[in-house]
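What follows is protein29.txt (compact mmCIF, C-alpha atoms).
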# COMPACT_ATOMS: atom_id res chain seq x y z
CA HIS A 1 -27.66 0.33 9.52
CA ASP A 2 -30.26 -1.39 11.73
CA PHE A 3 -28.10 -1.04 14.82
CA ASN A 4 -27.55 2.65 14.13
CA ASN A 5 -31.32 3.17 13.91
CA LEU A 6 -31.73 1.59 17.34
CA LEU A 7 -28.90 3.70 18.75
CA ALA A 8 -30.59 6.80 17.28
CA GLY A 9 -33.78 5.83 19.12
CA ILE A 10 -31.88 5.48 22.40
CA SER A 11 -29.98 8.72 21.84
CA GLY A 12 -33.14 10.63 20.91
CA ALA A 13 -35.00 9.38 23.97
CA LEU A 14 -32.10 10.34 26.25
CA GLU A 15 -31.84 13.77 24.63
CA LEU A 16 -35.56 14.41 25.09
CA MET A 17 -35.33 13.15 28.66
CA GLY A 18 -32.51 15.62 29.35
CA THR A 19 -34.55 18.46 27.87
CA ARG A 20 -37.59 17.59 29.99
CA ILE A 21 -35.44 17.43 33.13
CA GLU A 22 -33.94 20.85 32.36
CA GLN A 23 -37.47 22.21 31.92
CA GLY A 24 -38.54 20.65 35.23
CA ARG A 25 -41.09 18.46 33.44
CA TRP A 26 -40.34 15.33 35.47
CA GLY A 27 -43.73 13.76 34.76
CA GLU A 28 -42.76 13.23 31.12
CA VAL A 29 -39.43 11.51 31.78
CA ASP A 30 -40.78 7.97 32.34
CA LYS A 31 -41.93 7.46 28.76
CA TYR A 32 -38.46 8.32 27.45
CA ILE A 33 -36.86 5.88 29.88
CA VAL A 34 -39.20 3.13 28.65
CA THR A 35 -38.45 4.01 25.01
CA ALA A 36 -34.67 3.93 25.56
CA GLN A 37 -34.89 0.63 27.45
CA GLY A 38 -37.01 -0.90 24.68
CA ALA A 39 -34.57 0.21 21.99
CA ALA A 40 -31.65 -1.13 24.04
CA LYS A 41 -33.39 -4.52 24.31
CA ARG A 42 -33.97 -4.52 20.56
CA ALA A 43 -30.30 -3.67 19.99
CA ALA A 44 -29.29 -6.59 22.21
CA ALA A 45 -31.65 -8.85 20.25
CA LEU A 46 -30.17 -7.62 16.97
CA THR A 47 -26.69 -8.42 18.25
CA HIS A 48 -27.94 -11.89 19.21
CA ARG A 49 -29.37 -12.40 15.71
CA LEU A 50 -26.13 -11.28 14.08
CA LEU A 51 -24.19 -13.70 16.25
CA ALA A 52 -26.69 -16.45 15.49
CA PHE A 53 -26.34 -15.77 11.77
CA SER A 54 -22.56 -15.77 11.93
CA ARG A 55 -22.66 -19.09 13.78
CA ARG A 56 -25.49 -20.41 11.59
CA GLN A 57 -27.70 -20.93 14.63
CA THR A 58 -31.42 -21.26 14.21
CA LEU A 59 -33.84 -18.56 15.27
CA ASP A 60 -36.18 -18.92 18.22
CA PRO A 61 -39.83 -18.72 17.12
CA GLN A 62 -42.21 -18.38 20.07
CA PRO A 63 -45.96 -17.72 20.34
CA THR A 64 -46.12 -13.93 20.16
CA ASP A 65 -48.88 -11.36 20.65
CA VAL A 66 -48.21 -9.36 17.49
CA ASN A 67 -50.58 -6.56 18.52
CA ARG A 68 -48.62 -6.07 21.75
CA LEU A 69 -45.31 -6.25 19.90
CA MET A 70 -46.43 -3.54 17.45
CA LYS A 71 -47.80 -1.34 20.23
CA GLY A 72 -44.46 -1.61 22.03
CA MET A 73 -42.64 -0.39 18.93
CA THR A 74 -44.83 2.62 18.14
CA ASP A 75 -42.71 5.22 20.00
CA LEU A 76 -39.46 3.91 18.51
CA ILE A 77 -40.91 3.92 15.00
CA GLN A 78 -42.34 7.44 15.45
CA ARG A 79 -38.98 8.80 16.59
CA THR A 80 -37.19 6.97 13.80
CA VAL A 81 -39.38 8.22 10.94
CA GLY A 82 -39.63 11.75 12.34
CA PRO A 83 -42.36 14.22 13.24
CA SER A 84 -43.51 14.83 9.66
CA ILE A 85 -44.92 11.29 9.46
CA VAL A 86 -47.88 10.13 11.53
CA VAL A 87 -47.55 6.57 12.83
CA GLU A 88 -50.83 4.80 13.52
CA THR A 89 -51.03 1.21 14.66
CA ILE A 90 -54.32 -0.63 14.41
CA GLY A 91 -54.27 -4.07 15.95
CA ALA A 92 -56.32 -6.96 14.68
CA THR A 93 -59.13 -8.08 16.96
CA GLY A 94 -59.17 -11.71 18.00
CA LEU A 95 -55.66 -12.31 16.69
CA TRP A 96 -54.18 -15.58 17.89
CA PRO A 97 -50.59 -15.79 19.11
CA THR A 98 -48.26 -16.02 16.13
CA LEU A 99 -45.30 -18.40 16.05
CA VAL A 100 -42.47 -16.02 15.17
CA ASP A 101 -39.05 -14.87 16.30
CA ALA A 102 -40.14 -11.58 17.89
CA SER A 103 -36.77 -9.91 17.35
CA GLN A 104 -36.83 -10.75 13.65
CA LEU A 105 -40.37 -9.40 13.29
CA GLU A 106 -39.45 -6.18 15.11
CA ASN A 107 -36.45 -5.75 12.84
CA ALA A 108 -38.55 -6.36 9.71
CA LEU A 109 -41.25 -3.88 10.81
CA LEU A 110 -38.68 -1.21 11.65
CA ASN A 111 -36.99 -1.69 8.27
CA LEU A 112 -40.33 -1.45 6.45
CA CYS A 113 -41.07 1.86 8.17
CA ILE A 114 -37.60 3.26 7.53
CA ASN A 115 -37.55 2.28 3.87
CA ALA A 116 -41.18 3.13 3.04
What do you get writing this file as structure tokens?
Amino acid sequence: HDFNNLLAGISGALELMGTRIEQGRWGEVDKYIVTAQGAAKRAAALTHRLLAFSRRQTLDPQPTDVNRLMKGMTDLIQRTVGPSIVVETIGATGLWPTLVDASQLENALLNLCINA
């Protein structure tokens, strides 16, 4: 389920990139490349988490800029929930780094948006 959502994000970005190339709108291609790469990294992280779970390995909490993490997910979330829903991210000012497994937090946020 989660992996399919990430694959849908990659597929959607590649499809939009192909459309923009056909239209000769090369200036818009970069953002779709970045979106597809981000979703691919999240898919790799999800695979890592699944392997860690199956091996009962511990997660890897690191100091994380949650505002930056959320900002990096905005395009993926928007494409996942569709055009009829407006995604708005408002970061907290003065937020300290949070000790969290970034991949787990990304997965949780994506699931919240999908299931809301």
Subject >> Selection: 12 Å around Glu28 in chain A, all atoms listed in the file, excl. self and same-chain fewer than 6 positions, as a PyMOL selection string >> reply: chain A and resi 13+16-22+34-35
Original post:
Can you find the residues with an atom no farther than 12 Å from (-30.8, -9.6, 13.5), counting all atoms listed in the file, and report them as a PyMOL selection string?
Top reply: chain A and resi 1-3+6+42-54+57-60+101-108+110-111
Go ahead and write the selection's residues with C-alpha atoms as a PDB file, in the coordinates of the input.
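Now in out-v2.pdb:
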ATOM      1  CA  HIS A   1     -27.660   0.330   9.520  1.00  0.00           C
ATOM      2  CA  ASP A   2     -30.260  -1.390  11.730  1.00  0.00           C
ATOM      3  CA  PHE A   3     -28.100  -1.040  14.820  1.00  0.00           C
ATOM      4  CA  LEU A   6     -31.730   1.590  17.340  1.00  0.00           C
ATOM      5  CA  ARG A  42     -33.970  -4.520  20.560  1.00  0.00           C
ATOM      6  CA  ALA A  43     -30.300  -3.670  19.990  1.00  0.00           C
ATOM      7  CA  ALA A  44     -29.290  -6.590  22.210  1.00  0.00           C
ATOM      8  CA  ALA A  45     -31.650  -8.850  20.250  1.00  0.00           C
ATOM      9  CA  LEU A  46     -30.170  -7.620  16.970  1.00  0.00           C
ATOM     10  CA  THR A  47     -26.690  -8.420  18.250  1.00  0.00           C
ATOM     11  CA  HIS A  48     -27.940 -11.890  19.210  1.00  0.00           C
ATOM     12  CA  ARG A  49     -29.370 -12.400  15.710  1.00  0.00           C
ATOM     13  CA  LEU A  50     -26.130 -11.280  14.080  1.00  0.00           C
ATOM     14  CA  LEU A  51     -24.190 -13.700  16.250  1.00  0.00           C
ATOM     15  CA  ALA A  52     -26.690 -16.450  15.490  1.00  0.00           C
ATOM     16  CA  PHE A  53     -26.340 -15.770  11.770  1.00  0.00           C
ATOM     17  CA  SER A  54     -22.560 -15.770  11.930  1.00  0.00           C
ATOM     18  CA  GLN A  57     -27.700 -20.930  14.630  1.00  0.00           C
ATOM     19  CA  THR A  58     -31.420 -21.260  14.210  1.00  0.00           C
ATOM     20  CA  LEU A  59     -33.840 -18.560  15.270  1.00  0.00           C
ATOM     21  CA  ASP A  60     -36.180 -18.920  18.220  1.00  0.00           C
ATOM     22  CA  ASP A 101     -39.050 -14.870  16.300  1.00  0.00           C
ATOM     23  CA  ALA A 102     -40.140 -11.580  17.890  1.00  0.00           C
ATOM     24  CA  SER A 103     -36.770  -9.910  17.350  1.00  0.00           C
ATOM     25  CA  GLN A 104     -36.830 -10.750  13.650  1.00  0.00           C
ATOM     26  CA  LEU A 105     -40.370  -9.400  13.290  1.00  0.00           C
ATOM     27  CA  GLU A 106     -39.450  -6.180  15.110  1.00  0.00           C
ATOM     28  CA  ASN A 107     -36.450  -5.750  12.840  1.00  0.00           C
ATOM     29  CA  ALA A 108     -38.550  -6.360   9.710  1.00  0.00           C
ATOM     30  CA  LEU A 110     -38.680  -1.210  11.650  1.00  0.00           C
ATOM     31  CA  ASN A 111     -36.990  -1.690   8.270  1.00  0.00           C
TER      32      ASN A 111
END
Quick one: contact table of range 14-77 of chain A to range 89-97 of chain A, 10 Å max, nearest atom pair and distance in Å to one decimal per residue, counting only C-alpha atoms, chain and number order, as a Markdown table?
| residue | atom | partner | partner_atom | distance |
| --- | --- | --- | --- | --- |
| A:Gln62 | CA | A:Pro97 | CA | 8.8 |
| A:Pro63 | CA | A:Pro97 | CA | 5.2 |
| A:Thr64 | CA | A:Pro97 | CA | 5.0 |
| A:Asp65 | CA | A:Pro97 | CA | 5.0 |
| A:Val66 | CA | A:Pro97 | CA | 7.0 |
| A:Asn67 | CA | A:Gly91 | CA | 5.1 |
| A:Arg68 | CA | A:Gly91 | CA | 8.3 |
| A:Met70 | CA | A:Thr89 | CA | 7.2 |
| A:Lys71 | CA | A:Thr89 | CA | 6.9 |
| A:Met73 | CA | A:Thr89 | CA | 9.5 |
| A:Thr74 | CA | A:Thr89 | CA | 7.2 |
Subject >> Distance of CA of Gly82 in chain A from CA of Thr98 in chain A, expressed in Å to one decimal place >> reply: 29.3 Å
**OP:** Give me, please, the distance in Å between CA of Gly27 in chain A and CA of Asn4 in chain A, quoted to one decimal.
**Re:** 28.5 Å
